[in-house]
Amino acid sequence: MELRVLQYFLAVTREQSILGAAESLHLSQPTLSRQIRDMEEELGKQLFIRSNRKITLTEEGMILRKRAEEIMELVRKTEDEIAMSDQTIAGDIHIGAGETDGIRFLAKAAQSLQEEYPLVHFHIVSGDRVSVTEDLERGLLDFGLLFGEIDSSKYDCLEVPFTDSFGVLMRRDDPLATKELIRPEDLWDKPLIVSRQSLHDNNLSQLLHCSQEKIHVAATYNLLFNGSIMAEEGMGYAICFDHIINVSGDSCLCYRPLAGSFDLHMHIVWKKYQVFTRAAEKFLQAIRRTI
């Protein structure tokens, strides 16, 4: 499958019309229709549902759109890296990270690097461990900021001198808010709002010192801001890290540490045998200096 045909496919998904896509690509409508038909025959799947008003994607078409967008982004990133591979230290550095105050560590390293090389630009993508490692594997990220154990067979890493521990985000008018420290048993019969990552890691039982049967997960979040909205609306108690949601001033929320919570260590990771751009090499040096 040619990159050119993937661009044609994405144009059709964007315009939701063969005619509109053909005009944007400066192609004739029959030429574009033939290219899309040949693609469907090559894949052995119908990609579009055609109607008089607009074209929509089939399930297989939606899968292809996601992958095609990733492929074209990787192509663009590669072209930029090659264009910047001379003596000039410039280009883009892509970092995937979960929500944590520890991101300040990377920001300090980035700021020090930009003072020396102002043409280096940083892009931080928020995500949990699953999404960050997936994008690392696809080459869409240069670095990832991950908690916990690191698979040394896949990644090289540096430990960041920062740890996070869990606490509880809740309404200020909640009875538990009168406590300075929340005990695990305080939450056994309460509706909990937890991160998708905690369910994936299956560490709630360890965190709350109880069996899975005693845990009532009312909702999950990927980004804590969404979890904080659910906590504000009284849906439950959000299990999270501190210093992410502002609970000062007139906020109706408060944060309380969770007794017995274990510390999670943080690592900056990258794929083994990865060939870095000059900008990424300089950033890694800046991280080592900051450590």
# chains A, B, ... in the order shown; residues from 1 in each chain; ligands from 1
call {"tool": "select_by_dssp", "arguments": {"residues": "region 79-167 of chain A", "states": "helix (DSSP H, G or I)", "output": "number ranges by chain"}}
result
A: 79-83, 103-116, 129-137
call {"tool": "residues_around", "arguments": {"residues": "Phe147 (chain A)", "least_positions_apart": "5", "cutoff": "9 Å", "atoms": "only C-alpha atoms", "output": "PyMOL selection string"}}
result
chain A and resi 98+129+163-164+264-267
call {"tool": "write_last_selection", "arguments": {"atoms": "N, CA, C and O atoms", "output": "PDB file, in the first residue's frame"}}
result
ATOM      1  N   GLY A  98       2.264  10.611  32.105  1.00  0.00           N
ATOM      2  CA  GLY A  98       1.054  10.638  32.902  1.00  0.00           C
ATOM      3  C   GLY A  98       0.958  11.958  33.639  1.00  0.00           C
ATOM      4  O   GLY A  98       1.876  12.786  33.624  1.00  0.00           O
ATOM      5  N   ARG A 129       0.136   4.640  31.202  1.00  0.00           N
ATOM      6  CA  ARG A 129       1.248   3.770  30.812  1.00  0.00           C
ATOM      7  C   ARG A 129       0.955   3.015  29.519  1.00  0.00           C
ATOM      8  O   ARG A 129       1.839   2.841  28.677  1.00  0.00           O
ATOM      9  N   THR A 163       9.166  10.947  43.538  1.00  0.00           N
ATOM     10  CA  THR A 163       8.201   9.871  43.765  1.00  0.00           C
ATOM     11  C   THR A 163       6.823  10.466  43.996  1.00  0.00           C
ATOM     12  O   THR A 163       6.689  11.619  44.398  1.00  0.00           O
ATOM     13  N   ASP A 164       5.825   9.661  43.725  1.00  0.00           N
ATOM     14  CA  ASP A 164       4.442  10.057  43.981  1.00  0.00           C
ATOM     15  C   ASP A 164       3.783   8.999  44.846  1.00  0.00           C
ATOM     16  O   ASP A 164       4.123   7.813  44.759  1.00  0.00           O
ATOM     17  N   LEU A 264       5.595   5.481  44.383  1.00  0.00           N
ATOM     18  CA  LEU A 264       5.855   5.039  43.015  1.00  0.00           C
ATOM     19  C   LEU A 264       7.028   5.825  42.464  1.00  0.00           C
ATOM     20  O   LEU A 264       7.010   7.054  42.435  1.00  0.00           O
ATOM     21  N   HIS A 265       8.058   5.106  42.035  1.00  0.00           N
ATOM     22  CA  HIS A 265       9.235   5.751  41.468  1.00  0.00           C
ATOM     23  C   HIS A 265       9.002   6.032  39.985  1.00  0.00           C
ATOM     24  O   HIS A 265       8.237   5.346  39.313  1.00  0.00           O
ATOM     25  N   MET A 266       9.695   7.036  39.495  1.00  0.00           N
ATOM     26  CA  MET A 266       9.453   7.543  38.157  1.00  0.00           C
ATOM     27  C   MET A 266      10.714   7.379  37.305  1.00  0.00           C
ATOM     28  O   MET A 266      11.839   7.550  37.787  1.00  0.00           O
ATOM     29  N   HIS A 267      10.513   7.031  36.030  1.00  0.00           N
ATOM     30  CA  HIS A 267      11.634   6.867  35.110  1.00  0.00           C
ATOM     31  C   HIS A 267      11.340   7.568  33.791  1.00  0.00           C
ATOM     32  O   HIS A 267      10.200   7.552  33.314  1.00  0.00           O
TER      33      HIS A 267
END
call {"tool": "residues_around", "arguments": {"residues": "region 221-235 of chain A", "least_positions_apart": "4", "cutoff": "6 Å", "atoms": "only C-alpha atoms", "output": "PDB file with all heavy atoms, in the first residue's frame"}}
result
ATOM      1  N   MET A 170     -11.738  14.715  47.194  1.00  0.00           N
ATOM      2  CA  MET A 170     -13.160  14.630  47.567  1.00  0.00           C
ATOM      3  C   MET A 170     -13.707  16.032  47.785  1.00  0.00           C
ATOM      4  O   MET A 170     -12.958  17.008  47.836  1.00  0.00           O
ATOM      5  CB  MET A 170     -13.310  13.799  48.841  1.00  0.00           C
ATOM      6  CG  MET A 170     -12.802  14.488  50.089  1.00  0.00           C
ATOM      7  SD  MET A 170     -12.759  13.429  51.542  1.00  0.00           S
ATOM      8  CE  MET A 170     -11.114  12.744  51.380  1.00  0.00           C
ATOM      9  N   SER A 195      -8.188   5.706  38.263  1.00  0.00           N
ATOM     10  CA  SER A 195      -7.608   5.837  36.931  1.00  0.00           C
ATOM     11  C   SER A 195      -7.721   4.520  36.171  1.00  0.00           C
ATOM     12  O   SER A 195      -7.736   3.439  36.764  1.00  0.00           O
ATOM     13  CB  SER A 195      -6.135   6.236  37.029  1.00  0.00           C
ATOM     14  OG  SER A 195      -5.362   5.166  37.553  1.00  0.00           O
ATOM     15  N   ARG A 196      -7.796   4.628  34.863  1.00  0.00           N
ATOM     16  CA  ARG A 196      -7.798   3.431  34.021  1.00  0.00           C
ATOM     17  C   ARG A 196      -6.533   2.606  34.255  1.00  0.00           C
ATOM     18  O   ARG A 196      -6.567   1.381  34.243  1.00  0.00           O
ATOM     19  CB  ARG A 196      -7.898   3.846  32.549  1.00  0.00           C
ATOM     20  CG  ARG A 196      -7.927   2.689  31.579  1.00  0.00           C
ATOM     21  CD  ARG A 196      -8.033   3.152  30.151  1.00  0.00           C
ATOM     22  NE  ARG A 196      -6.820   3.811  29.696  1.00  0.00           N
ATOM     23  CZ  ARG A 196      -6.559   4.075  28.423  1.00  0.00           C
ATOM     24  NH1 ARG A 196      -7.445   3.782  27.488  1.00  0.00           N
ATOM     25  NH2 ARG A 196      -5.433   4.677  28.072  1.00  0.00           N
TER      26      ARG A 196
END
call {"tool": "closest_residue", "arguments": {"among": "A:Phe162, A:Asp250, A:Pro257, A:Ser126", "to": "Glu180 (chain A)", "atoms": "only C-alpha atoms"}}
result
A:Pro257
call {"tool": "residues_around", "arguments": {"residues": "region 14-22 of chain A", "least_positions_apart": "3", "cutoff": "9 Å", "atoms": "only C-alpha atoms", "output": "VMD selection string"}}
result
chain A and resid 8 to 11 25 to 33 50 53 to 57
call {"tool": "residues_around", "arguments": {"residues": "Lys282 (chain A)", "least_positions_apart": "4", "cutoff": "12 Å", "atoms": "only C-alpha atoms", "output": "list in words"}}
result
Thr88, Ile89, Ala90, Gly91, Asp92, Ile93, Ala109, Ala110, Ser112, Leu113, Gln114, Glu116, Tyr117, Val120, Phe276, Thr277, Arg278, Ala286, Ile287, Arg288 and Arg289 of chain A
call {"tool": "atom_distance", "arguments": {"atom1": "CA of Tyr237 (chain A)", "atom2": "CA of Leu169 (chain A)"}}
result
5.9 Å
call {"tool": "atom_distance", "arguments": {"atom1": "CA of Leu258 (chain A)", "atom2": "CA of Leu187 (chain A)"}}
result
10.0 Å
call {"tool": "closest_residue", "arguments": {"among": "A:Glu79, A:Ala68, A:Met1, A:Leu136", "to": "Asp156 (chain A)", "atoms": "only C-alpha atoms"}}
result
A:Leu136
call {"tool": "atom_distance", "arguments": {"atom1": "CA of Val75 (chain A)", "atom2": "CA of Leu140 (chain A)"}}
result
9.9 Å
call {"tool": "residues_around", "arguments": {"residues": "region 204-206 of chain A", "least_positions_apart": "3", "cutoff": "10 Å", "atoms": "only C-alpha atoms", "output": "list in words"}}
result
Pro184, Val194, Ser198, Leu199, His200, Asp201, His209, Cys210, Ser211, Gln212, Glu213, Lys214, Ile215, Val217, Ile239, Gly260, Ser261 and Phe262 of chain A
call {"tool": "write_last_selection", "arguments": {"atoms": "N, CA and C atoms", "output": "compact mmCIF listing (two decimals), in the first residue's frame"}}
result
# COMPACT_ATOMS: atom_id res chain seq x y z
N PRO A 184 -7.36 3.18 54.56
CA PRO A 184 -7.95 2.35 53.50
C PRO A 184 -9.35 1.88 53.83
N VAL A 194 -11.39 5.95 39.93
CA VAL A 194 -9.99 5.51 39.83
C VAL A 194 -9.50 5.68 38.40
N SER A 198 -4.82 2.23 37.04
CA SER A 198 -4.86 1.43 38.28
C SER A 198 -5.63 0.14 38.07
N LEU A 199 -6.66 0.18 37.22
CA LEU A 199 -7.39 -1.05 36.90
C LEU A 199 -6.51 -1.97 36.07
N HIS A 200 -5.76 -1.39 35.14
CA HIS A 200 -4.88 -2.20 34.30
C HIS A 200 -3.79 -2.86 35.13
N ASP A 201 -3.22 -2.10 36.10
CA ASP A 201 -2.16 -2.65 36.95
C ASP A 201 -2.70 -3.56 38.04
N HIS A 209 -5.75 -2.38 50.89
CA HIS A 209 -5.59 -3.42 51.89
C HIS A 209 -6.86 -4.26 52.07
N CYS A 210 -7.45 -4.64 50.96
CA CYS A 210 -8.67 -5.44 51.04
C CYS A 210 -8.81 -6.27 49.77
N SER A 211 -9.77 -7.17 49.79
CA SER A 211 -10.03 -7.99 48.61
C SER A 211 -10.76 -7.16 47.55
N GLN A 212 -10.71 -7.62 46.33
CA GLN A 212 -11.34 -6.91 45.22
C GLN A 212 -12.84 -6.78 45.44
N GLU A 213 -13.45 -7.73 46.16
CA GLU A 213 -14.90 -7.72 46.35
C GLU A 213 -15.36 -6.52 47.18
N LYS A 214 -14.47 -5.97 48.01
CA LYS A 214 -14.86 -4.83 48.87
C LYS A 214 -14.72 -3.49 48.14
N ILE A 215 -14.18 -3.50 46.95
CA ILE A 215 -13.91 -2.25 46.24
C ILE A 215 -15.05 -1.94 45.29
N VAL A 217 -15.88 0.40 42.42
CA VAL A 217 -15.43 1.37 41.42
C VAL A 217 -16.66 1.94 40.72
N ILE A 239 -9.21 8.48 43.61
CA ILE A 239 -7.89 8.03 44.05
C ILE A 239 -6.88 8.58 43.05
N GLY A 260 -0.69 4.41 54.45
CA GLY A 260 -0.13 3.15 53.95
C GLY A 260 0.10 3.12 52.45
N SER A 261 -0.09 4.26 51.78
CA SER A 261 0.12 4.29 50.34
C SER A 261 1.60 4.08 50.02
N PHE A 262 1.88 3.30 49.01
CA PHE A 262 3.26 3.03 48.61
C PHE A 262 3.74 4.10 47.64
call {"tool": "closest_residue", "arguments": {"among": "A:Arg4, A:Arg67, A:Lys45, A:Lys108", "to": "Ile291 (chain A)", "atoms": "only C-alpha atoms"}}
result
A:Lys108
call {"tool": "residues_around", "arguments": {"residues": "Asp101 (chain A)", "least_positions_apart": "3", "cutoff": "7 Å", "atoms": "only C-alpha atoms", "output": "PDB file with N, CA and C atoms, in the first residue's frame"}}
result
ATOM      1  N   ARG A 104       7.536  18.543  36.194  1.00  0.00           N
ATOM      2  CA  ARG A 104       8.353  19.743  36.381  1.00  0.00           C
ATOM      3  C   ARG A 104       9.830  19.440  36.159  1.00  0.00           C
ATOM      4  N   HIS A 243      -1.062  17.483  43.938  1.00  0.00           N
ATOM      5  CA  HIS A 243      -0.478  18.594  43.178  1.00  0.00           C
ATOM      6  C   HIS A 243      -0.868  18.589  41.698  1.00  0.00           C
ATOM      7  N   ILE A 244      -1.924  17.890  41.336  1.00  0.00           N
ATOM      8  CA  ILE A 244      -2.387  17.907  39.945  1.00  0.00           C
ATOM      9  C   ILE A 244      -3.609  18.809  39.817  1.00  0.00           C
TER      10      ILE A 244
END
call {"tool": "closest_residue", "arguments": {"among": "A:Leu192, A:His121, A:Glu23, A:Gln35", "to": "Ala280 (chain A)", "atoms": "only C-alpha atoms"}}
result
A:His121
